[in-house]
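Data file: structure-v4.txt. Format and content: compact mmCIF, C-alpha atoms and all ligand atoms.
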# COMPACT_ATOMS: atom_id res chain seq x y z
CA MET A 1 0.00 0.00 0.00
CA GLU A 2 1.29 3.46 -0.91
CA PHE A 3 -0.15 6.62 0.56
CA GLU A 4 0.51 10.27 1.13
CA THR A 5 0.19 11.44 4.71
CA THR A 6 1.32 14.18 7.06
CA VAL A 7 3.43 13.98 10.20
CA ALA A 8 1.03 13.81 13.17
CA GLU A 9 3.56 13.83 16.00
CA ILE A 10 7.32 13.89 16.54
CA ILE A 11 8.79 12.36 19.69
CA ARG A 12 12.38 12.97 20.73
CA ARG A 13 13.66 9.72 22.29
CA ASN A 14 17.12 11.03 23.23
CA SER A 15 19.72 13.47 21.87
CA GLU A 16 20.14 11.52 18.62
CA VAL A 17 16.90 9.58 18.10
CA LYS A 18 13.48 10.81 16.94
CA SER A 19 10.20 9.00 16.30
CA PHE A 20 7.74 10.16 13.65
CA ARG A 21 4.06 9.25 13.96
CA PHE A 22 1.32 9.19 11.34
CA ARG A 23 -2.39 8.53 11.53
CA ARG A 24 -2.90 4.86 10.68
CA PRO A 25 -5.31 4.28 7.78
CA ALA A 26 -7.88 1.60 8.70
CA SER A 27 -6.75 -0.49 5.73
CA PHE A 28 -3.04 -0.42 6.69
CA GLN A 29 -2.25 -3.88 8.09
CA PHE A 30 1.26 -5.04 9.00
CA LEU A 31 3.15 -7.62 11.02
CA PRO A 32 5.47 -6.67 13.88
CA GLY A 33 9.01 -6.30 12.50
CA GLN A 34 8.08 -5.11 9.00
CA PHE A 35 9.40 -1.90 7.47
CA LEU A 36 8.23 1.09 5.43
CA MET A 37 9.72 2.86 2.44
CA VAL A 38 9.65 6.49 3.49
CA THR A 39 9.83 9.21 0.84
CA ILE A 40 10.30 12.91 1.51
CA ARG A 41 11.07 15.87 -0.74
CA ILE A 42 14.55 17.30 -0.39
CA ASN A 43 15.03 20.51 -2.40
CA GLY A 44 12.10 19.48 -4.58
CA GLU A 45 13.50 16.02 -5.28
CA LYS A 46 11.90 12.87 -3.85
CA LYS A 47 14.27 10.70 -1.78
CA THR A 48 13.44 7.33 -0.21
CA LYS A 49 14.86 5.28 2.66
CA TYR A 50 13.74 2.22 4.59
CA PHE A 51 12.59 2.32 8.20
CA SER A 52 11.27 -0.43 10.44
CA ILE A 53 7.90 0.29 12.00
CA SER A 54 8.58 0.90 15.70
CA SER A 55 4.93 0.81 16.80
CA SER A 56 2.95 -2.36 17.39
CA PRO A 57 0.10 -3.48 15.10
CA THR A 58 -2.00 -3.39 18.29
CA GLU A 59 -1.83 0.43 18.17
CA SER A 60 -4.80 1.15 15.93
CA GLU A 61 -4.52 4.94 15.85
CA TYR A 62 -0.99 5.51 14.59
CA ILE A 63 2.08 4.05 12.89
CA GLU A 64 5.54 5.16 13.87
CA PHE A 65 9.09 4.90 12.62
CA THR A 66 12.19 5.96 14.50
CA LYS A 67 15.40 7.38 13.08
CA ARG A 68 18.85 7.82 14.50
CA ILE A 69 19.71 11.28 13.26
CA THR A 70 23.05 11.57 11.43
CA SER A 71 24.68 14.39 9.49
CA HIS A 72 23.69 12.87 6.12
CA GLU A 73 21.29 14.61 3.74
CA PHE A 74 18.17 12.47 4.24
CA SER A 75 18.67 12.40 7.96
CA LYS A 76 19.05 16.16 8.20
CA ALA A 77 15.87 16.63 6.15
CA LEU A 78 13.99 14.30 8.51
CA ASP A 79 15.38 16.12 11.51
CA ASN A 80 13.95 19.37 10.09
CA LEU A 81 10.55 17.85 9.31
CA GLN A 82 7.64 19.49 11.16
CA VAL A 83 4.22 18.26 12.24
CA GLY A 84 1.80 18.70 9.30
CA GLU A 85 4.42 18.23 6.56
CA THR A 86 3.92 15.67 3.79
CA VAL A 87 5.52 12.22 3.74
CA TYR A 88 4.90 9.32 1.34
CA LEU A 89 4.76 5.87 2.93
CA ASN A 90 4.95 2.57 1.11
CA GLY A 91 4.58 -0.76 2.86
CA PRO A 92 4.57 -2.93 4.74
CA HIS A 93 7.63 -4.84 3.52
CA GLY A 94 9.89 -7.56 4.86
CA LYS A 95 9.94 -11.01 6.39
CA PHE A 96 11.69 -10.11 9.66
CA THR A 97 8.56 -10.72 11.71
CA PHE A 98 7.57 -12.41 14.96
CA THR A 99 4.03 -13.05 16.17
CA GLY A 100 4.69 -15.92 18.59
CA GLU A 101 5.88 -18.68 16.25
CA TYR A 102 8.59 -19.87 18.69
CA GLN A 103 8.56 -20.74 22.40
CA LYS A 104 12.03 -19.38 23.12
CA VAL A 105 13.36 -16.32 21.34
CA VAL A 106 16.55 -14.28 21.64
CA MET A 107 16.29 -10.79 20.14
CA ILE A 108 19.59 -9.00 19.68
CA ALA A 109 19.56 -5.27 18.94
CA GLY A 110 22.56 -3.08 18.19
CA GLY A 111 21.66 0.57 18.85
CA ILE A 112 18.86 1.82 16.62
CA GLY A 113 18.32 -1.84 15.61
CA ILE A 114 15.86 -1.85 18.52
CA THR A 115 13.05 -0.47 16.30
CA PRO A 116 11.48 -3.69 14.91
CA PHE A 117 11.73 -5.25 18.39
CA MET A 118 9.65 -2.41 19.85
CA SER A 119 6.90 -3.53 17.49
CA MET A 120 7.36 -7.26 18.19
CA ILE A 121 7.58 -6.85 21.97
CA GLY A 122 4.60 -4.46 22.04
CA TYR A 123 2.59 -6.96 20.03
CA CYS A 124 3.56 -9.95 22.21
CA THR A 125 2.88 -8.01 25.41
CA ASP A 126 -0.53 -6.68 24.31
CA ASN A 127 -1.62 -10.10 22.99
CA ARG A 128 -0.20 -12.03 25.98
CA ILE A 129 1.86 -14.24 23.67
CA PRO A 130 3.46 -16.89 25.91
CA ALA A 131 6.86 -16.97 24.12
CA ALA A 132 9.88 -16.53 26.42
CA ILE A 133 11.76 -13.54 24.99
CA THR A 134 15.23 -12.37 25.96
CA LEU A 135 16.23 -9.02 24.47
CA LEU A 136 19.97 -8.32 24.42
CA TYR A 137 20.27 -4.59 23.73
CA GLY A 138 23.68 -3.07 23.03
CA ASN A 139 24.45 0.64 23.19
CA ARG A 140 27.36 2.97 23.93
CA SER A 141 25.84 4.53 27.04
CA GLU A 142 22.60 4.66 28.99
CA GLU A 143 21.73 7.97 27.36
CA SER A 144 22.09 6.52 23.86
CA ALA A 145 19.77 3.55 24.60
CA ALA A 146 16.50 4.65 22.97
CA PHE A 147 13.20 3.40 24.44
CA LYS A 148 14.75 2.47 27.80
CA GLU A 149 11.65 3.47 29.82
CA GLU A 150 9.23 1.97 27.29
CA LEU A 151 11.13 -1.34 27.48
CA ALA A 152 11.08 -1.27 31.28
CA ASN A 153 7.30 -0.75 31.08
CA PHE A 154 6.93 -3.75 28.77
CA MET A 155 8.91 -5.86 31.24
CA GLN A 156 6.53 -4.81 34.04
CA LYS A 157 3.57 -6.03 31.99
CA ASN A 158 5.11 -9.13 30.39
CA ARG A 159 6.47 -11.83 32.71
CA ASN A 160 7.87 -13.73 29.70
CA LEU A 161 10.16 -10.85 28.74
CA ARG A 162 13.71 -10.34 29.98
CA ILE A 163 15.82 -7.38 28.88
CA VAL A 164 19.59 -7.17 29.22
CA HIS A 165 21.32 -3.88 28.46
CA SER A 166 24.99 -4.06 27.56
CA LEU A 167 26.93 -0.80 27.31
CA SER A 168 30.26 -0.44 25.52
CA ARG A 169 31.17 2.94 27.07
CA PRO A 170 29.04 3.18 30.20
CA GLU A 171 29.03 5.89 32.83
CA GLU A 172 31.09 4.89 35.91
CA THR A 173 27.95 4.37 37.96
CA TRP A 174 26.54 1.74 35.55
CA LYS A 175 25.94 -1.53 37.41
CA GLY A 176 24.74 -3.60 34.47
CA ARG A 177 26.56 -5.51 31.74
CA ARG A 178 29.49 -3.96 29.92
CA GLY A 179 30.95 -4.60 26.48
CA HIS A 180 29.83 -5.40 22.95
CA LEU A 181 27.23 -8.05 22.15
CA ASP A 182 28.97 -11.33 21.29
CA LEU A 183 28.89 -15.08 21.94
CA THR A 184 29.93 -14.56 25.57
CA THR A 185 26.91 -12.30 26.09
CA ILE A 186 24.63 -14.93 24.59
CA ARG A 187 26.18 -17.81 26.59
CA GLU A 188 26.05 -15.95 29.90
CA GLU A 189 22.60 -14.43 29.52
CA VAL A 190 20.82 -17.30 27.75
CA PRO A 191 22.52 -20.53 28.90
CA ASP A 192 19.97 -22.67 27.00
CA TYR A 193 20.39 -20.67 23.77
CA GLN A 194 20.97 -23.82 21.67
CA ASP A 195 17.25 -24.43 21.24
CA ALA A 196 16.23 -20.78 20.87
CA SER A 197 15.32 -18.86 17.72
CA PHE A 198 17.30 -15.70 17.02
CA TYR A 199 16.37 -12.30 15.63
CA LEU A 200 19.32 -9.99 14.91
CA CYS A 201 18.99 -6.33 13.97
CA GLY A 202 21.40 -3.41 13.77
CA PRO A 203 24.42 -2.21 11.81
CA PRO A 204 25.55 -4.72 9.14
CA ALA A 205 28.89 -5.43 10.88
CA LEU A 206 27.18 -6.55 14.10
CA VAL A 207 24.49 -8.56 12.34
CA GLU A 208 27.00 -10.37 10.09
CA ASP A 209 29.35 -11.14 13.02
CA LEU A 210 26.57 -12.61 15.13
CA GLU A 211 25.15 -14.55 12.21
CA ARG A 212 28.56 -16.18 11.69
CA VAL A 213 28.89 -16.93 15.40
CA LEU A 214 25.47 -18.61 15.53
CA GLN A 215 26.23 -20.62 12.42
CA ALA A 216 29.50 -21.82 14.01
CA GLU A 217 27.50 -22.78 17.12
CA GLY A 218 25.34 -25.02 14.95
CA ILE A 219 22.11 -23.02 15.24
CA PRO A 220 20.06 -24.01 12.17
CA GLU A 221 19.76 -21.26 9.56
CA ASP A 222 15.97 -21.38 9.64
CA ARG A 223 16.03 -20.29 13.29
CA VAL A 224 18.12 -17.17 12.63
CA TYR A 225 16.39 -14.06 11.24
CA VAL A 226 18.37 -10.97 10.31
CA GLU A 227 17.69 -7.34 9.42
CA SER A 228 20.72 -5.21 8.52
CA PHE A 229 20.37 -1.45 8.81
CA LEU A 230 22.50 -0.37 5.83
CA GLY A 231 23.90 3.13 6.22
CA TYR A 232 25.36 2.71 9.73
C1 LIG D 1 15.05 -2.87 6.26
C2 LIG D 1 15.69 -1.65 6.86
C3 LIG D 1 15.13 -1.07 7.98
C4 LIG D 1 15.73 0.07 8.55
N1 LIG D 1 15.17 0.62 9.68
C5 LIG D 1 15.76 1.70 10.26
C6 LIG D 1 15.20 2.27 11.46
O1 LIG D 1 14.20 1.79 12.00
N2 LIG D 1 15.82 3.36 11.97
C7 LIG D 1 16.94 3.92 11.39
O2 LIG D 1 17.44 4.93 11.91
N3 LIG D 1 17.48 3.39 10.28
C8 LIG D 1 16.92 2.30 9.70
N4 LIG D 1 17.47 1.77 8.55
C9 LIG D 1 18.61 2.45 7.93
C10 LIG D 1 18.09 3.65 7.14
O3 LIG D 1 17.37 3.23 6.00
C11 LIG D 1 19.23 4.57 6.68
O4 LIG D 1 20.09 3.91 5.81
C12 LIG D 1 20.03 5.04 7.84
O5 LIG D 1 19.15 5.65 8.76
C13 LIG D 1 21.10 6.04 7.43
O6 LIG D 1 20.49 7.13 6.78
P1 LIG D 1 21.19 8.55 6.73
O7 LIG D 1 20.32 9.47 5.97
O8 LIG D 1 21.54 8.96 8.12
O9 LIG D 1 22.56 8.30 6.00
P2 LIG D 1 22.84 7.78 4.52
O10 LIG D 1 22.59 8.87 3.54
O11 LIG D 1 22.11 6.52 4.27
O12 LIG D 1 24.38 7.51 4.59
C14 LIG D 1 25.03 6.81 5.66
C15 LIG D 1 26.33 6.16 5.18
O13 LIG D 1 26.03 4.88 4.63
C16 LIG D 1 26.41 4.80 3.27
N5 LIG D 1 25.33 4.05 2.61
C17 LIG D 1 24.08 4.47 2.38
N6 LIG D 1 23.34 3.51 1.79
C18 LIG D 1 24.15 2.45 1.64
C19 LIG D 1 23.99 1.16 1.08
N7 LIG D 1 22.82 0.77 0.55
N8 LIG D 1 25.04 0.31 1.11
C20 LIG D 1 26.22 0.70 1.63
N9 LIG D 1 26.44 1.92 2.15
C21 LIG D 1 25.43 2.78 2.16
C22 LIG D 1 26.54 6.22 2.81
O14 LIG D 1 27.47 6.34 1.76
C23 LIG D 1 27.04 6.92 4.09
O15 LIG D 1 28.42 6.77 4.29
C24 LIG D 1 16.90 0.63 7.97
C25 LIG D 1 17.44 0.04 6.83
C26 LIG D 1 16.86 -1.08 6.28
C27 LIG D 1 17.48 -1.68 5.04
Would you put the structure from the file into structure tokens?
Ligand SMILES: Cc1cc2nc3c(=O)[nH]c(=O)nc-3n(C[C@H](O)[C@H](O)[C@H](O)COP(=O)(O)OP(=O)(O)OC[C@H]3O[C@@H](n4cnc5c(N)ncnc54)[C@H](O)[C@@H]3O)c2cc1C
Amino acid sequence: MEFETTVAEIIRRNSEVKSFRFRRPASFQFLPGQFLMVTIRINGEKKTKYFSISSSPTESEYIEFTKRITSHEFSKALDNLQVGETVYLNGPHGKFTFTGEYQKVVMIAGGIGITPFMSMIGYCTDNRIPAAITLLYGNRSEESAAFKEELANFMQKNRNLRIVHSLSRPEETWKGRRGHLDLTTIREEVPDYQDASFYLCGPPALVEDLERVLQAEGIPEDRVYVESFLGY
């Protein structure tokens, strides 16, 4: 489905991350984890990029995507976008979806790679999906971890959800996990990971590394789903 819409709301998540919300047309159906092709006009020219939907299909009023703002052209144009301005959305696209197909799931997000998991976790929480989900969420610092409060709220509501933050450059006071997401993180946080299904999302380098690691561990390919955020 392709449609023209206007920005309904902009939410600043932290100093470098913004969410953009749009009224959800009644006919717009999607699965948690899917993405949109987002087109905006930059100096009169239409430019398109892909963004995962960060809202859950259980939110009937709006759809949302969330961008880590960079100094590149498209990003700067998005950063300057105001409520009421026109955006063209095309979607949903993609097969990186989860609606409760597996009993035990490990979701691994590098930075802004959290976006499709916000949709999946929101969906599973609202629909009381009994799957045991562990989210391993890697960021530089606490400040750079977008959706920290929203995730804590999901964990309050969903007893099947566990969230582990791992920070590569944490503040001194940080009492949680430190370091990059790797096999050690998986082994220590999910000791029975061998029979889990994996969803990996983030910068291509992280996703490819973890995909290789899981392959070497003998996790069958059909239990490893990946979404690479090109451009980071
Ligand atoms: C399926 C999918 C879902 C995504 N979801 C999100 C999301 O939810 N949130 C989010 O912030 N981003 C998401 N991205 C990434 C997003 O589409 C942008 O690429 C990213 O935000 C960078 O955009 P930019 O305008 O900041 O920089 P860009 O103008 O894209 O440039 C960033 C750098 O990457 C390089 N580059 C750009 N495109 C490519 C390419 N195709 N291959 C190799 N190098 C390239 C550029 O040369 C530059 O050095 C997603 C990408 C995909 C494919």
Counting all atoms listed in the file, what are the residues, protein, DNA or RNA alike, that approach ligand LIG 1 (chain D) to within 7 Å? I want them as JSON, numbers by chain.
{"A": [35, 49, 50, 51, 52, 53, 54, 65, 66, 67, 68, 69, 70, 71, 72, 73, 74, 75, 112, 113, 115, 116, 227, 228, 229, 230, 231, 232]}
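Remark: for Ala109 in chain A, the closest of the candidate residues A:Ala77, A:Ile40, A:Ile11, A:Ile163 is A:Ile163 (distances computed over all atoms listed in the file).
Proximity to Leu135 in chain A at 7 Å, evaluated using all atoms listed in the file and with sequence-adjacent residues fewer than 5 positions away removed, yields A:Val106, A:Met107, A:Ile108, A:Arg162, A:Ile163, A:Val164.
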From (3.7, 9.3, 3.2), in the file's coordinates, out to 9 Å: which residues are reached, counting only C-alpha atoms? Answer as a ChimeraX atom specification.
/A:2-7,22,37-40,86-90
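Rounded to one decimal, CA of Thr185 in chain A and CA of Val207 in chain A lie 14.5 Å from each other.
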Selection near Ile133 in chain A, 12 Å with all atoms listed in the file, sequence-local residues under 2 positions removed, as number ranges by chain
A: 98-108, 117, 120-122, 124-125, 129-131, 135-136, 154-155, 158-164, 189-190, 193, 196-199
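Going from CA of Leu200 in chain A to CA of Asp79 in chain A covers 26.6 Å.
Of the residues under consideration (A:Ile63, A:Ala8, A:Leu151, A:Leu81), A:Ile63 shows the shortest atom-to-atom contact distance to Phe28 in chain A when counting all atoms listed in the file.
Coordinates place CA of Ser15 in chain A at a distance of 21.0 Å from CA of Asn153 in chain A.
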Between A:Glu9, A:Asp195, A:Glu16, A:Glu149, single out the one closest to Val83 in chain A, counting all atoms listed in the file.
A:Glu9
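The closest residue to Ala26 in chain A, picked from A:Asn139, A:Ser168, A:Ser60, A:Thr173 and counting all atoms listed in the file, is A:Ser60.
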